[in-house]
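> I'd like to ask you about the structure that follows.
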Amino acid sequence: MTAFVPALRYLAVSAAALLAVAVAPSPAHAKPEPKAPEEFVALRDVDPTIIQEMRYTTRHNFVGEPVDGYRKPMCILTKPAAKALHKAQRSLLRKGYSLKVYDCYRPQRAVDHFVRWAEDLGDERMKEEFYPRVGKDRLFADGYIAEKSGHSRGSTVDLTIVRLPALPTRPYIPGEPLKPCFGPASERFPDNSVDMGTGFDCFDTLSHTDDPRVEGRQRAHRDLLRNALAEQGFVNLPEEWWHFTYKPELFPDTYFDFPVSPRSLQGS
């Protein structure tokens, strides 16, 4: 009878292994991605004339790579924020300008990506453009990076204005020499927007909307953007000339994590 013990043990182990395979979740039954509430829309469906240059789907940003959660280069916002942008766009079009958005709704997983990047002090591949005068170990203390972002609530947008007719912005070439974001417009990475004094996502005090060093046309451009948006209920973040939040927010205390993708929207 002892001769059958190894065989019985083998059969028992095999049965246990088969049972484990049977109960293990299959990829087809993986947890589905979260969806956006019905109050969210694609900005293009509300106003297709607003230019979209969604930086975090590309490698031309302060991280230097596409950011987690940005599946498609599209702007998603709450309906009131999108409709308010549409009204601001109509006003600017009459003056020969267009809005251009860089970032809109931002999933929490993207914010988490920023945090991981900021904690990796050895990764400074984009420093020469986006934070030349700031030590990476100061990004949290100086408020450039945080564990939560108003963008994740769906009513905050990063944007600029473009003089019409809009010329295309040339593609960023990974590995190309970087120029400081606060340098003269002729020396910064070329952007088809008007000169705001710095580039987008410039981690520098010169990005403060009312920095007294910003004068002349640069000051006029910042005021044009802020005034056009303020008339429609947007409030500027004083530390970033490009950052605006529509008030009152529909979701002032909720930080969403659905991906930036058409599939995230209800009914898509």
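Chain labels run A, B, ... following the order of the structure tokens; each chain numbers its residues from 1, and ligands are numbered from 1 in the order shown.
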Please list as a list of chain:residue names every residue within 12 Å of Asp45 in chain A, counting only C-alpha atoms and excluding residues in the same chain fewer than 3 positions away.

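Listed by chain and then number, they are A:Phe40, A:Val41, A:Ala42, A:Pro48, A:Thr49, A:Ile50, A:Met74, A:Cys75, A:Ile76, A:Leu77, A:Lys79, A:Ala82, A:Lys83, A:His86, A:Pro262, A:Leu265.
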
> My list of candidates is A:Leu99, A:Asn61, A:Pro177, A:Ala81. Which is closest to Gly199 in chain A when distances are computed with only C-alpha atoms?

A:Asn61

> Counting only C-alpha atoms, what is within 10 Å of Gly150 in chain A, bar same-chain residues fewer than 3 positions away, as a ChimeraX atom specification?

/A:104-106,153-157,244-245,249,251-255

> Compare A:Leu206, A:Val260, A:Ala185, A:Ile161 by their minimum atom-to-atom distance to Lys95 in chain A, counting only C-alpha atoms, and give me the closest one.

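Closest candidate: A:Ile161.
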
> Based on the backbone DSSP call, show me all residues of range 103-225 of chain A assigned alpha helix (DSSP H), as a tab-separated table (two decimals) with C-alpha atoms, in the first residue's frame.


```
chain	number	residue	atom	x	y	z
A	108	GLN	CA	-5.34	60.48	-9.96
A	109	ARG	CA	-3.01	57.86	-11.43
A	110	ALA	CA	-1.34	60.64	-13.42
A	111	VAL	CA	-0.84	62.68	-10.24
A	112	ASP	CA	0.68	59.57	-8.64
A	113	HIS	CA	3.03	59.33	-11.64
A	114	PHE	CA	4.14	62.93	-11.01
A	115	VAL	CA	4.79	62.12	-7.35
A	116	ARG	CA	6.91	59.06	-8.18
A	117	TRP	CA	8.89	61.10	-10.69
A	118	ALA	CA	9.48	63.92	-8.19
A	119	GLU	CA	10.75	61.43	-5.60
A	127	LYS	CA	15.35	69.91	-16.04
A	128	GLU	CA	17.02	72.29	-18.49
A	129	GLU	CA	13.65	73.27	-19.95
A	130	PHE	CA	11.07	73.00	-17.20
A	216	GLY	CA	4.53	94.96	-22.27
A	217	ARG	CA	3.00	92.46	-24.68
A	218	GLN	CA	3.58	89.56	-22.31
A	219	ARG	CA	1.58	91.32	-19.60
A	220	ALA	CA	-1.15	92.23	-22.11
A	221	HIS	CA	-1.42	88.61	-23.22
A	222	ARG	CA	-1.73	87.30	-19.66
A	223	ASP	CA	-4.40	89.88	-18.90
A	224	LEU	CA	-6.28	89.03	-22.10
A	225	LEU	CA	-6.42	85.36	-21.13
```

> Extract, using only C-alpha atoms, all DNA, RNA and protein residues at most 12 Å from Asp142 in chain A, discarding same-chain residues fewer than 4 positions from it, and format them as a short mmCIF file (atom, residue, chain, number, x, y, z; two decimals) with N, CA, C and O atoms, in the first residue's frame.


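What follows is the written file out-v6.cif:
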```
data_model
loop_
_atom_site.label_atom_id
_atom_site.label_comp_id
_atom_site.auth_asym_id
_atom_site.auth_seq_id
_atom_site.Cartn_x
_atom_site.Cartn_y
_atom_site.Cartn_z
N TYR A 131 12.56 73.21 -15.23
CA TYR A 131 12.88 73.69 -13.88
C TYR A 131 14.38 73.95 -13.72
O TYR A 131 15.03 73.44 -12.81
N VAL A 134 15.35 75.43 -10.19
CA VAL A 134 14.76 74.82 -9.00
C VAL A 134 15.36 73.44 -8.79
O VAL A 134 15.37 72.61 -9.72
N GLY A 135 15.86 73.16 -7.59
CA GLY A 135 16.34 71.83 -7.27
C GLY A 135 15.19 70.85 -7.21
O GLY A 135 14.12 71.17 -6.67
N LYS A 136 15.39 69.66 -7.73
CA LYS A 136 14.29 68.70 -7.74
C LYS A 136 13.86 68.33 -6.34
O LYS A 136 12.70 67.97 -6.12
N ASP A 137 14.77 68.43 -5.38
CA ASP A 137 14.41 68.12 -3.99
C ASP A 137 13.53 69.19 -3.37
O ASP A 137 13.06 69.04 -2.24
N ARG A 138 13.25 70.28 -4.12
CA ARG A 138 12.41 71.38 -3.61
C ARG A 138 11.01 71.38 -4.25
O ARG A 138 10.19 72.23 -3.91
N ALA A 146 2.28 68.02 -5.95
CA ALA A 146 1.49 67.67 -4.77
C ALA A 146 0.82 66.33 -5.00
O ALA A 146 0.72 65.84 -6.14
N PHE A 203 8.42 75.71 -14.09
CA PHE A 203 8.54 75.75 -12.63
C PHE A 203 9.48 76.89 -12.25
O PHE A 203 10.68 76.69 -12.01
N ASP A 204 8.92 78.08 -12.21
CA ASP A 204 9.73 79.27 -11.95
C ASP A 204 8.81 80.39 -11.48
O ASP A 204 7.65 80.45 -11.89
N THR A 205 9.33 81.27 -10.66
CA THR A 205 8.51 82.38 -10.16
C THR A 205 8.06 83.32 -11.28
O THR A 205 7.08 84.05 -11.13
N GLU A 239 0.02 81.38 -8.99
CA GLU A 239 1.38 80.89 -9.25
C GLU A 239 1.58 80.36 -10.67
O GLU A 239 2.71 80.09 -11.08
#
```

> Can you work out the spacing between CA of Arg170 in chain A and CA of Phe189 in chain A in Å, to one decimal?

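Computing it gives 9.1 Å between the two atoms.
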
> I want to know what sits within 8 Å of range 51-60 of chain A, based on only C-alpha atoms, with residues of the same chain fewer than 4 positions away left out; could you give that as a PyMOL selection string?

chain A and resi 64-67+70-75+98-103+172+174

> So the first atom is CA of Pro80 in chain A and the second is CA of Val46 in chain A; what is the distance between them in Å, to one decimal place?

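Spanning CA of Pro80 in chain A to CA of Val46 in chain A is a straight-line distance of 10.4 Å.
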
> Calculated over only C-alpha atoms, which of the candidates A:Asp211, A:Ile145, A:Met126, A:Ser91 has the smallest distance to Asn227 in chain A?

A:Ser91

> Between CA of Leu139 in chain A and CA of Pro190 in chain A, what is the spacing in Å?

25.3 Å

> Please provide as a ChimeraX atom specification all residues within 8 Å of Phe234 in chain A, with the sequence filter that same-chain residues fewer than 3 positions apart are discarded (counting only C-alpha atoms).

/A:229-231,244-247

> Have a look at A:Asp68, A:Glu187, A:Asn192, A:Phe200 and name the one nearest to Tyr97 in chain A; count only C-alpha atoms.

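Checking each of A:Asp68, A:Glu187, A:Asn192, A:Phe200 against Tyr97 in chain A, counting only C-alpha atoms, the winner is A:Asn192.
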